[in-house]
$ cat upload.cif   # mmCIF, C-alpha atoms
data_data
#
loop_
_atom_site.label_atom_id
_atom_site.label_comp_id
_atom_site.auth_asym_id
_atom_site.auth_seq_id
_atom_site.Cartn_x
_atom_site.Cartn_y
_atom_site.Cartn_z
CA MET A 19 84.82 108.46 61.17
CA THR A 20 81.34 108.98 62.56
CA ASP A 21 81.86 106.09 64.94
CA GLN A 22 85.06 107.69 66.16
CA ILE A 23 83.20 110.89 66.99
CA LEU A 24 80.59 108.92 68.91
CA GLN A 25 83.27 107.01 70.75
CA SER A 26 85.18 110.13 71.72
CA LEU A 27 82.09 111.70 73.30
CA ALA A 28 80.88 108.61 75.09
CA ALA A 29 80.68 108.67 78.84
CA PRO A 30 83.44 106.47 80.25
CA ALA A 31 82.45 103.10 81.64
CA ASN A 32 81.79 103.29 85.37
CA PRO A 33 85.06 102.06 86.94
CA ASN A 34 83.22 100.82 90.02
CA ILE A 35 81.44 98.09 88.11
CA PRO A 36 83.54 94.94 87.80
CA GLU A 37 83.27 92.36 85.06
CA LEU A 38 79.91 90.65 85.48
CA ARG A 39 78.49 87.36 84.27
CA ALA A 40 74.98 86.05 84.08
CA GLY A 41 74.21 84.17 87.30
CA ASP A 42 76.43 86.32 89.54
CA VAL A 43 74.92 87.20 92.88
CA VAL A 44 75.65 90.89 93.25
CA SER A 45 74.85 93.75 95.52
CA VAL A 46 74.50 97.00 93.62
CA HIS A 47 75.00 100.20 95.59
CA VAL A 48 73.02 103.00 93.96
CA ARG A 49 73.30 106.66 94.85
CA ILE A 50 69.89 108.17 95.41
CA LYS A 51 69.20 111.86 95.71
CA GLU A 52 66.33 112.90 97.94
CA GLY A 53 66.01 116.64 97.88
CA ASN A 54 69.57 117.73 98.60
CA ARG A 55 70.46 114.69 100.65
CA GLU A 56 72.24 111.79 99.04
CA ARG A 57 72.10 108.24 100.32
CA ILE A 58 73.08 104.84 99.07
CA GLN A 59 70.58 102.12 98.41
CA GLU A 60 71.56 98.51 98.09
CA PHE A 61 69.94 96.19 95.60
CA LYS A 62 70.94 92.58 95.98
CA GLY A 63 70.06 89.82 93.57
CA THR A 64 71.09 87.66 90.64
CA VAL A 65 72.33 89.06 87.34
CA ILE A 66 69.94 87.56 84.81
CA ARG A 67 70.98 89.50 81.76
CA LEU A 68 73.92 91.47 80.37
CA ARG A 69 73.48 93.67 77.35
CA LYS A 70 76.93 94.70 76.26
CA GLY A 71 78.16 96.81 73.41
CA GLY A 72 77.05 100.29 72.59
CA GLN A 73 76.48 103.33 74.71
CA ASP A 74 73.52 101.94 76.59
CA ALA A 75 75.17 98.72 77.78
CA ASN A 76 73.32 97.52 80.85
CA PHE A 77 72.67 94.62 83.17
CA THR A 78 69.55 93.42 84.91
CA VAL A 79 69.44 92.18 88.49
CA ARG A 80 66.54 90.10 89.76
CA ARG A 81 65.66 89.58 93.38
CA ILE A 82 62.68 88.17 95.24
CA ALA A 83 61.10 90.79 97.44
CA SER A 84 58.64 90.16 100.25
CA ASN A 85 55.64 87.92 99.53
CA GLY A 86 57.62 86.22 96.79
CA VAL A 87 57.28 89.12 94.39
CA GLY A 88 60.07 89.18 91.83
CA VAL A 89 61.72 92.57 91.30
CA GLU A 90 64.03 93.31 88.40
CA ARG A 91 66.14 96.38 88.05
CA THR A 92 68.27 97.37 85.08
CA PHE A 93 71.42 99.43 85.56
CA LEU A 94 73.43 101.18 82.89
CA LEU A 95 77.07 100.14 82.81
CA ARG A 96 78.10 103.75 82.28
CA SER A 97 75.78 105.24 84.86
CA PRO A 98 77.54 107.48 87.39
CA ARG A 99 74.74 106.68 89.83
CA VAL A 100 76.08 103.21 90.53
CA ASP A 101 78.39 103.67 93.51
CA LYS A 102 79.80 100.15 93.45
CA VAL A 103 78.91 96.59 92.61
CA VAL A 104 80.01 93.77 94.88
CA VAL A 105 80.06 90.31 93.35
CA GLU A 106 79.26 87.85 96.12
CA ARG A 107 79.40 84.63 94.17
CA HIS A 108 79.47 83.26 90.65
CA SER A 109 77.13 80.56 89.39
CA LYS A 110 77.40 77.88 86.80
CA THR A 111 74.97 78.74 84.04
CA ARG A 112 74.33 77.14 80.69
CA ARG A 113 72.86 80.17 79.03
CA ALA A 114 73.58 83.88 78.77
CA GLN A 115 70.10 85.16 79.56
CA LEU A 116 68.50 83.56 82.59
CA TYR A 117 64.90 84.40 81.74
CA PHE A 118 63.82 80.98 83.00
CA MET A 119 64.42 82.32 86.51
CA ARG A 120 61.22 84.34 86.16
CA GLU A 121 59.17 81.17 86.15
CA LEU A 122 60.88 79.65 89.15
CA THR A 123 60.20 80.25 92.83
CA GLY A 124 61.63 79.12 96.13
CA LYS A 125 64.36 76.52 96.18
CA LYS A 126 64.25 76.12 92.41
CA THR A 127 65.81 79.57 91.95
CA ARG A 128 69.13 78.31 93.35
CA LEU A 129 71.99 78.18 90.90
CA LYS A 130 75.03 75.97 91.24
CA GLN A 131 77.97 77.96 92.61
CA LYS A 132 81.13 78.26 90.56
CA PHE A 133 84.41 78.76 92.41
CA ASN A 134 86.90 80.82 90.47
CA MET B 13 73.09 136.85 64.68
CA LEU B 14 71.48 134.55 62.16
CA LYS B 15 70.52 131.27 63.82
CA GLY B 16 70.61 128.50 61.27
CA LEU B 17 72.96 125.76 60.22
CA ILE B 18 73.25 122.96 57.70
CA GLY B 19 74.76 119.71 58.92
CA LYS B 20 75.12 115.98 58.73
CA LYS B 21 73.65 113.54 61.22
CA ILE B 22 76.40 111.56 62.94
CA GLY B 23 74.41 109.24 65.18
CA MET B 24 73.02 108.88 68.65
CA THR B 25 74.66 108.52 72.02
CA GLN B 26 73.90 108.98 75.68
CA PHE B 27 74.90 111.74 78.09
CA PHE B 28 74.52 111.82 81.86
CA ASP B 29 73.78 114.97 83.81
CA GLU B 30 75.14 115.71 87.28
CA ASN B 31 72.26 113.75 88.85
CA GLY B 32 73.12 110.69 86.81
CA VAL B 33 70.06 110.97 84.57
CA ALA B 34 70.72 109.63 81.08
CA TYR B 35 69.71 111.65 78.03
CA ALA B 36 69.51 110.35 74.48
CA VAL B 37 71.48 112.76 72.34
CA THR B 38 71.75 113.02 68.57
CA LEU B 39 75.06 114.38 67.30
CA ILE B 40 75.13 116.55 64.22
CA GLU B 41 78.23 117.71 62.42
CA ALA B 42 77.05 121.19 61.49
CA GLY B 43 78.84 123.90 59.59
CA PRO B 44 81.00 125.72 59.01
CA CYS B 45 78.43 127.32 56.73
CA TYR B 46 79.19 130.24 54.46
CA VAL B 47 76.80 133.06 53.72
CA THR B 48 76.46 132.76 49.97
CA GLN B 49 73.75 135.31 49.29
CA ILE B 50 71.44 137.75 51.01
CA ARG B 51 67.93 137.86 49.60
CA ARG B 52 66.38 141.29 49.94
CA PRO B 53 62.77 142.44 49.64
CA GLU B 54 63.79 145.03 47.05
CA LYS B 55 65.23 142.44 44.71
CA GLU B 56 63.81 139.00 45.45
CA GLY B 57 60.63 140.15 47.14
CA TYR B 58 61.44 138.59 50.51
CA SER B 59 64.17 138.60 53.09
CA ALA B 60 66.39 135.58 53.70
CA VAL B 61 69.96 134.41 54.01
CA GLN B 62 71.37 131.67 51.82
CA LEU B 63 73.92 129.42 53.50
CA GLY B 64 76.26 126.95 51.83
CA PHE B 65 77.73 123.82 53.36
CA GLY B 66 80.07 121.00 52.43
CA GLU B 67 83.16 121.83 50.45
CA THR B 68 83.50 119.68 47.37
CA HIS B 69 85.40 119.30 44.14
CA PRO B 70 84.56 121.98 41.55
CA LYS B 71 83.72 119.25 39.05
CA ARG B 72 80.82 118.17 41.23
CA LEU B 73 79.02 121.45 40.64
CA THR B 74 77.40 122.88 37.54
CA GLY B 75 78.77 126.01 35.92
CA GLY B 76 75.91 128.06 37.29
CA GLU B 77 76.51 126.93 40.83
CA LEU B 78 80.22 127.59 40.51
CA GLY B 79 79.62 131.07 39.12
CA HIS B 80 77.19 131.85 41.92
CA LEU B 81 79.80 130.90 44.53
CA LYS B 82 82.66 132.52 42.67
CA ALA B 83 80.82 135.81 42.69
CA ALA B 84 80.82 135.60 46.45
CA ASN B 85 84.46 134.54 46.46
CA LEU B 86 83.69 131.23 48.16
CA PRO B 87 84.94 127.65 47.72
CA PRO B 88 82.74 125.16 45.85
CA LEU B 89 79.93 124.13 48.19
CA ARG B 90 77.69 121.13 47.71
CA ILE B 91 74.57 122.28 49.51
CA LEU B 92 72.78 125.61 49.54
CA ARG B 93 69.79 126.35 51.74
CA GLU B 94 67.83 129.47 52.57
CA PHE B 95 66.97 130.68 56.04
CA ARG B 96 64.16 133.20 56.34
CA THR B 97 65.01 136.10 58.58
CA LYS B 98 63.60 139.61 58.78
CA THR B 99 66.89 141.19 59.70
CA PRO B 100 69.81 139.67 57.81
CA ASP B 101 72.65 140.88 60.05
CA VAL B 102 75.35 139.03 58.12
CA SER B 103 77.12 139.74 54.88
CA VAL B 104 78.16 137.51 52.00
CA GLY B 105 81.29 135.51 52.81
CA ASP B 106 80.64 135.35 56.56
CA VAL B 107 81.17 132.01 58.25
CA VAL B 108 78.44 130.61 60.48
CA LYS B 109 79.59 128.04 63.01
CA VAL B 110 77.93 125.94 65.69
CA ASP B 111 78.60 128.64 68.28
CA VAL B 112 75.49 130.49 67.08
CA PHE B 113 73.70 128.02 69.35
CA SER B 114 74.45 127.47 72.99
CA PRO B 115 73.55 124.59 75.32
CA GLY B 116 70.07 124.87 76.78
CA GLU B 117 68.57 126.58 73.74
CA ARG B 118 65.73 125.01 71.76
CA VAL B 119 66.11 124.20 68.08
CA ASP B 120 64.05 122.67 65.28
CA VAL B 121 65.85 120.08 63.18
CA ILE B 122 64.62 119.35 59.66
CA GLY B 123 65.63 116.15 57.91
CA THR B 124 64.43 113.59 55.40
CA SER B 125 62.98 110.55 57.13
CA LYS B 126 64.13 107.06 56.27
CA GLY B 127 62.15 105.55 53.40
CA LYS B 128 59.93 102.63 54.37
CA GLY B 129 58.76 101.76 50.85
CA PHE B 130 55.15 100.82 50.18
CA ALA B 131 53.76 100.34 53.66
CA GLY B 132 50.40 98.95 54.80
CA GLY B 133 47.88 100.65 57.03
CA VAL B 134 49.14 99.01 60.22
CA LYS B 135 52.66 100.37 59.84
CA ARG B 136 51.78 103.64 58.17
CA TYR B 137 48.81 104.80 60.24
CA HIS B 138 48.84 102.43 63.22
CA PHE B 139 45.65 100.67 62.13
CA ARG B 140 44.88 97.78 64.39
CA GLY B 141 44.56 95.12 61.69
CA GLY B 142 42.11 92.28 61.95
CA PRO B 143 41.56 89.68 64.67
CA LYS B 144 44.41 87.25 65.12
CA THR B 145 42.21 84.25 65.90
CA HIS B 146 38.64 83.00 65.49
CA GLY B 147 39.12 81.54 62.03
CA GLN B 148 40.56 84.58 60.36
CA SER B 149 42.44 84.17 57.15
CA ASP B 150 44.32 86.94 55.34
CA ARG B 151 42.78 89.58 57.62
CA HIS B 152 45.52 90.01 60.20
CA ARG B 153 46.96 93.25 58.86
CA ALA B 154 44.13 94.29 56.58
CA PRO B 155 43.10 97.99 56.69
CA GLY B 156 39.35 97.23 56.89
CA SER B 157 36.82 99.47 55.21
CA ASN B 158 37.92 102.84 53.90
CA SER B 159 34.63 104.53 53.11
CA SER B 160 30.84 104.40 53.21
CA GLY B 161 28.59 102.66 50.65
CA THR B 162 26.42 103.99 47.81
CA THR B 163 26.49 107.41 49.44
CA PRO B 164 28.96 108.94 48.67
CA GLY B 165 29.91 106.12 46.30
CA ARG B 166 33.56 107.06 46.23
CA VAL B 167 36.55 107.19 48.54
CA TYR B 168 37.35 110.65 49.87
CA LYS B 169 40.65 112.09 48.88
CA GLY B 170 43.21 112.03 51.64
CA SER B 171 41.82 108.83 53.19
CA ARG B 172 44.41 106.90 55.09
CA ARG B 173 45.32 103.99 52.86
CA PRO B 174 48.44 101.91 52.26
CA GLY B 175 51.10 103.64 50.24
CA HIS B 176 54.59 105.06 50.24
CA MET B 177 55.91 105.89 53.70
CA GLY B 178 58.95 107.82 54.78
CA ASP B 179 61.56 109.61 52.65
CA GLU B 180 59.80 112.92 53.28
CA ARG B 181 60.70 116.16 54.99
CA VAL B 182 60.17 115.93 58.72
CA THR B 183 60.78 118.55 61.39
CA ALA B 184 61.69 117.57 64.94
CA GLN B 185 60.58 120.55 67.00
CA SER B 186 61.95 122.14 70.15
CA LEU B 187 64.92 119.90 70.76
CA LYS B 188 67.18 121.05 73.57
CA VAL B 189 70.79 121.74 72.65
CA MET B 190 72.96 119.56 74.88
CA LEU B 191 76.42 120.10 73.48
CA VAL B 192 78.27 122.59 71.30
CA ASP B 193 81.80 121.77 70.19
CA VAL B 194 83.17 124.56 67.99
CA GLU B 195 86.47 122.81 67.41
CA ARG B 196 84.89 119.76 65.83
CA ASN B 197 81.82 121.56 64.48
CA LEU B 198 79.58 119.32 66.54
CA ILE B 199 76.20 120.02 68.03
CA GLY B 200 74.24 117.59 70.18
CA VAL B 201 70.47 117.77 70.60
CA HIS B 202 68.22 115.93 73.03
CA GLY B 203 66.18 113.25 71.30
CA ALA B 204 65.95 111.76 67.85
CA VAL B 205 66.35 113.54 64.53
CA PRO B 206 64.77 112.39 61.25
CA GLY B 207 66.86 110.53 58.69
CA PRO B 208 69.73 108.08 58.49
CA LYS B 209 73.25 108.57 59.80
CA GLY B 210 75.04 110.81 57.34
CA GLY B 211 71.74 112.37 56.30
CA LEU B 212 71.49 116.09 55.63
CA VAL B 213 69.76 118.12 58.34
CA VAL B 214 68.94 121.79 58.73
CA ILE B 215 68.96 123.34 62.19
CA ASN B 216 66.79 126.35 62.94
CA GLU B 217 65.90 128.29 66.01
CA ALA B 218 62.80 126.68 67.56
CA ARG B 219 59.51 128.12 66.34
CA LYS B 220 57.79 127.25 69.58
CA GLN B 221 60.01 128.49 72.36
#

$ encode --input "upload.cif" --output "structure tokens"
Amino acid sequence: MTDQILQSLAAPANPNIPELRAGDVVSVHVRIKEGNRERIQEFKGTVIRLRKGGQDANFTVRRIASNGVGVERTFLLRSPRVDKVVVERHSKTRRAQLYFMRELTGKKTRLKQKFN
Amino acid sequence: MLKGLIGKKIGMTQFFDENGVAYAVTLIEAGPCYVTQIRRPEKEGYSAVQLGFGETHPKRLTGGELGHLKAANLPPLRILREFRTKTPDVSVGDVVKVDVFSPGERVDVIGTSKGKGFAGGVKRYHFRGGPKTHGQSDRHRAPGSNSSGTTPGRVYKGSRRPGHMGDERVTAQSLKVMLVDVERNLIGVHGAVPGPKGGLVVINEARKQ
């Protein structure tokens, strides 16, 4: 009963976010409000983690910024701020959380592409 | 209008505002509460309103409780709580619903925190514990010293020591009301509320506005 009430009030999942998998190379378009102007910022990287289930389901995208600095950003799956997510390629991964990517740099961060 | 409700904690969820900012929201199923008695300075020596909540089977109540409610011509109610107010502008039998609060208002929510059992100093008072390395044994979560030596020769009362934690009355102050649903008797407040899901909570107007 209590779960039903929670469910009924939950924000709907953002329809602009497709099914994601760990290892996907994605470009996340985020709406950003600056004063009263709204623009779209793109964040492109690899999905290293999906946390599904519950109201605060989210996914984390990692990318290497300038000077080889790793940047990770976590997006809520229900967030209305995410304008769209474009999946550019899938990768073959052997685990669900790709935390090992944090230790790798350069060519070692490549993942094997999966075609389907 | 009297601003007070008795309710049951449903659980937590997340709301987004128009800017896409996420807010943690606790849902409470509150009311409908019935005014069961008005306490007056002339009779009881102080001024308050007694509210009842949670209809139940008459067999669940004692004869005294039943008689008290019957006098007010009300159904059997499981929980009775008093709300202090200088001007009781309600009368016995009135129904108080969640619409006494509106979104944006601040409320205090009183609940009974989850019991943690007998807890050590680290968990109960955020003591740092002992060093983790350098040959320590059995000192990792020890509370350390709790007093001075020969003077005063005793431990002061009220010293922070291990003991029972939780399962006590806790007030979460100045929570913003995020949602009011009269149809389903639901109220949503910003932030966490003491106690488990299904726990009894009392909602008051915020003391510190």

$ resolve_selection --input "upload.cif" --expression "the PyMOL selection byres ((chain B) within 12 of (chain A))" --output "number ranges by chain"
B: 20-41, 191-193, 196-200, 209-211

$ resolve_selection --input "upload.cif" --expression "the PyMOL selection byres ((chain A and resi 116) around 8)" --output "list of chain:residue names"
A:Ala40, A:Gly41, A:Ile66, A:Arg67, A:Arg113, A:Ala114, A:Gln115, A:Tyr117, A:Phe118, A:Met119

$ atom_distance --input "upload.cif" --atom1 "atom CA of Arg118 of chain B" --atom2 "atom CA of Gln62 of chain B"
21.8 Å

$ resolve_selection --input "upload.cif" --expression "the PyMOL selection byres ((chain B and resi 159) around 12)" --output "list in words"
Pro155, Gly156, Ser157, Asn158, Ser160, Gly161, Thr162, Thr163, Pro164, Gly165, Arg166, Val167, Tyr168, Lys169, Gly170, Ser171, Arg172 and Arg173 of chain B

$ axis_aligned_box --input "upload.cif" --around "segment 188-200 of chain B" --padding-each-side "6 Å" --output "AutoDock Vina command-line options"
--center_x 76.8 --center_y 121.1 --center_z 69.7 --size_x 31.3 --size_y 19.0 --size_z 22.4

$ decode --input "upload.cif" --residues "segment 78-92 of chain A" --atoms "all heavy atoms" --output "PDB file, in the first residue's frame"
ATOM      1  N   THR A  78      26.291   7.129 -14.391  1.00  0.00           N
ATOM      2  CA  THR A  78      27.476   7.963 -14.301  1.00  0.00           C
ATOM      3  C   THR A  78      28.257   7.875 -15.604  1.00  0.00           C
ATOM      4  O   THR A  78      28.488   6.777 -16.119  1.00  0.00           O
ATOM      5  CB  THR A  78      28.361   7.516 -13.127  1.00  0.00           C
ATOM      6  OG1 THR A  78      27.594   7.619 -11.943  1.00  0.00           O
ATOM      7  CG2 THR A  78      29.594   8.392 -12.998  1.00  0.00           C
ATOM      8  N   VAL A  79      28.619   9.032 -16.139  1.00  0.00           N
ATOM      9  CA  VAL A  79      29.383   9.090 -17.381  1.00  0.00           C
ATOM     10  C   VAL A  79      30.774   9.617 -17.065  1.00  0.00           C
ATOM     11  O   VAL A  79      30.925  10.585 -16.313  1.00  0.00           O
ATOM     12  CB  VAL A  79      28.685  10.026 -18.394  1.00  0.00           C
ATOM     13  CG1 VAL A  79      29.477  10.094 -19.691  1.00  0.00           C
ATOM     14  CG2 VAL A  79      27.273   9.548 -18.665  1.00  0.00           C
ATOM     15  N   ARG A  80      31.778   8.946 -17.604  1.00  0.00           N
ATOM     16  CA  ARG A  80      33.158   9.371 -17.366  1.00  0.00           C
ATOM     17  C   ARG A  80      33.782   9.809 -18.678  1.00  0.00           C
ATOM     18  O   ARG A  80      33.615   9.161 -19.705  1.00  0.00           O
ATOM     19  CB  ARG A  80      33.954   8.208 -16.779  1.00  0.00           C
ATOM     20  CG  ARG A  80      35.426   8.539 -16.531  1.00  0.00           C
ATOM     21  CD  ARG A  80      36.160   7.340 -15.971  1.00  0.00           C
ATOM     22  NE  ARG A  80      37.589   7.596 -15.913  1.00  0.00           N
ATOM     23  CZ  ARG A  80      38.186   8.242 -14.917  1.00  0.00           C
ATOM     24  NH1 ARG A  80      37.481   8.669 -13.896  1.00  0.00           N
ATOM     25  NH2 ARG A  80      39.496   8.447 -14.936  1.00  0.00           N
ATOM     26  N   ARG A  81      34.486  10.919 -18.645  1.00  0.00           N
ATOM     27  CA  ARG A  81      35.209  11.339 -19.826  1.00  0.00           C
ATOM     28  C   ARG A  81      36.560  11.899 -19.390  1.00  0.00           C
ATOM     29  O   ARG A  81      36.755  12.257 -18.232  1.00  0.00           O
ATOM     30  CB  ARG A  81      34.429  12.383 -20.623  1.00  0.00           C
ATOM     31  CG  ARG A  81      34.528  13.784 -20.105  1.00  0.00           C
ATOM     32  CD  ARG A  81      33.670  14.725 -20.924  1.00  0.00           C
ATOM     33  NE  ARG A  81      33.946  16.105 -20.565  1.00  0.00           N
ATOM     34  CZ  ARG A  81      34.754  16.910 -21.251  1.00  0.00           C
ATOM     35  NH1 ARG A  81      35.355  16.507 -22.344  1.00  0.00           N
ATOM     36  NH2 ARG A  81      34.964  18.144 -20.858  1.00  0.00           N
ATOM     37  N   ILE A  82      37.490  11.924 -20.318  1.00  0.00           N
ATOM     38  CA  ILE A  82      38.810  12.469 -20.021  1.00  0.00           C
ATOM     39  C   ILE A  82      38.850  13.892 -20.556  1.00  0.00           C
ATOM     40  O   ILE A  82      38.744  14.111 -21.762  1.00  0.00           O
ATOM     41  CB  ILE A  82      39.920  11.608 -20.664  1.00  0.00           C
ATOM     42  CG1 ILE A  82      39.774  10.137 -20.245  1.00  0.00           C
ATOM     43  CG2 ILE A  82      41.285  12.137 -20.288  1.00  0.00           C
ATOM     44  CD1 ILE A  82      39.937   9.877 -18.781  1.00  0.00           C
ATOM     45  N   ALA A  83      38.967  14.841 -19.664  1.00  0.00           N
ATOM     46  CA  ALA A  83      39.039  16.242 -20.074  1.00  0.00           C
ATOM     47  C   ALA A  83      40.471  16.595 -20.429  1.00  0.00           C
ATOM     48  O   ALA A  83      41.333  15.731 -20.477  1.00  0.00           O
ATOM     49  CB  ALA A  83      38.515  17.125 -18.951  1.00  0.00           C
ATOM     50  N   SER A  84      40.729  17.861 -20.652  1.00  0.00           N
ATOM     51  CA  SER A  84      42.069  18.277 -21.058  1.00  0.00           C
ATOM     52  C   SER A  84      43.084  17.933 -19.967  1.00  0.00           C
ATOM     53  O   SER A  84      42.743  17.829 -18.784  1.00  0.00           O
ATOM     54  CB  SER A  84      42.087  19.777 -21.338  1.00  0.00           C
ATOM     55  OG  SER A  84      41.623  20.470 -20.209  1.00  0.00           O
ATOM     56  N   ASN A  85      44.332  17.753 -20.378  1.00  0.00           N
ATOM     57  CA  ASN A  85      45.418  17.375 -19.485  1.00  0.00           C
ATOM     58  C   ASN A  85      45.223  16.000 -18.861  1.00  0.00           C
ATOM     59  O   ASN A  85      45.814  15.690 -17.833  1.00  0.00           O
ATOM     60  CB  ASN A  85      45.610  18.402 -18.360  1.00  0.00           C
ATOM     61  CG  ASN A  85      46.080  19.726 -18.903  1.00  0.00           C
ATOM     62  OD1 ASN A  85      46.791  19.771 -19.906  1.00  0.00           O
ATOM     63  ND2 ASN A  85      45.655  20.807 -18.277  1.00  0.00           N
ATOM     64  N   GLY A  86      44.370  15.195 -19.468  1.00  0.00           N
ATOM     65  CA  GLY A  86      44.183  13.836 -18.971  1.00  0.00           C
ATOM     66  C   GLY A  86      43.458  13.755 -17.647  1.00  0.00           C
ATOM     67  O   GLY A  86      43.590  12.780 -16.920  1.00  0.00           O
ATOM     68  N   VAL A  87      42.705  14.796 -17.317  1.00  0.00           N
ATOM     69  CA  VAL A  87      41.954  14.770 -16.069  1.00  0.00           C
ATOM     70  C   VAL A  87      40.635  14.048 -16.302  1.00  0.00           C
ATOM     71  O   VAL A  87      39.893  14.400 -17.222  1.00  0.00           O
ATOM     72  CB  VAL A  87      41.673  16.196 -15.550  1.00  0.00           C
ATOM     73  CG1 VAL A  87      40.942  16.144 -14.221  1.00  0.00           C
ATOM     74  CG2 VAL A  87      42.963  16.966 -15.431  1.00  0.00           C
ATOM     75  N   GLY A  88      40.353  13.036 -15.487  1.00  0.00           N
ATOM     76  CA  GLY A  88      39.094  12.320 -15.623  1.00  0.00           C
ATOM     77  C   GLY A  88      37.971  13.121 -14.982  1.00  0.00           C
ATOM     78  O   GLY A  88      38.122  13.679 -13.902  1.00  0.00           O
ATOM     79  N   VAL A  89      36.829  13.197 -15.676  1.00  0.00           N
ATOM     80  CA  VAL A  89      35.664  13.892 -15.136  1.00  0.00           C
ATOM     81  C   VAL A  89      34.498  12.923 -15.153  1.00  0.00           C
ATOM     82  O   VAL A  89      34.222  12.304 -16.176  1.00  0.00           O
ATOM     83  CB  VAL A  89      35.322  15.144 -15.978  1.00  0.00           C
ATOM     84  CG1 VAL A  89      34.074  15.813 -15.429  1.00  0.00           C
ATOM     85  CG2 VAL A  89      36.476  16.108 -15.990  1.00  0.00           C
ATOM     86  N   GLU A  90      33.819  12.807 -14.017  1.00  0.00           N
ATOM     87  CA  GLU A  90      32.648  11.939 -13.962  1.00  0.00           C
ATOM     88  C   GLU A  90      31.444  12.776 -13.608  1.00  0.00           C
ATOM     89  O   GLU A  90      31.517  13.662 -12.755  1.00  0.00           O
ATOM     90  CB  GLU A  90      32.845  10.841 -12.904  1.00  0.00           C
ATOM     91  CG  GLU A  90      33.777   9.770 -13.375  1.00  0.00           C
ATOM     92  CD  GLU A  90      33.998   8.692 -12.341  1.00  0.00           C
ATOM     93  OE1 GLU A  90      33.198   8.617 -11.392  1.00  0.00           O
ATOM     94  OE2 GLU A  90      34.962   7.946 -12.489  1.00  0.00           O
ATOM     95  N   ARG A  91      30.348  12.491 -14.264  1.00  0.00           N
ATOM     96  CA  ARG A  91      29.120  13.203 -13.961  1.00  0.00           C
ATOM     97  C   ARG A  91      27.995  12.201 -13.834  1.00  0.00           C
ATOM     98  O   ARG A  91      27.880  11.289 -14.652  1.00  0.00           O
ATOM     99  CB  ARG A  91      28.807  14.181 -15.085  1.00  0.00           C
ATOM    100  CG  ARG A  91      28.466  15.534 -14.532  1.00  0.00           C
ATOM    101  CD  ARG A  91      28.286  16.508 -15.611  1.00  0.00           C
ATOM    102  NE  ARG A  91      27.024  17.192 -15.320  1.00  0.00           N
ATOM    103  CZ  ARG A  91      26.585  18.216 -15.990  1.00  0.00           C
ATOM    104  NH1 ARG A  91      27.249  18.672 -17.005  1.00  0.00           N
ATOM    105  NH2 ARG A  91      25.460  18.789 -15.651  1.00  0.00           N
ATOM    106  N   THR A  92      27.175  12.373 -12.803  1.00  0.00           N
ATOM    107  CA  THR A  92      26.069  11.459 -12.562  1.00  0.00           C
ATOM    108  C   THR A  92      24.763  12.153 -12.905  1.00  0.00           C
ATOM    109  O   THR A  92      24.544  13.298 -12.505  1.00  0.00           O
ATOM    110  CB  THR A  92      26.076  11.013 -11.094  1.00  0.00           C
ATOM    111  OG1 THR A  92      27.322  10.390 -10.833  1.00  0.00           O
ATOM    112  CG2 THR A  92      24.964  10.022 -10.815  1.00  0.00           C
TER     113      THR A  92
END
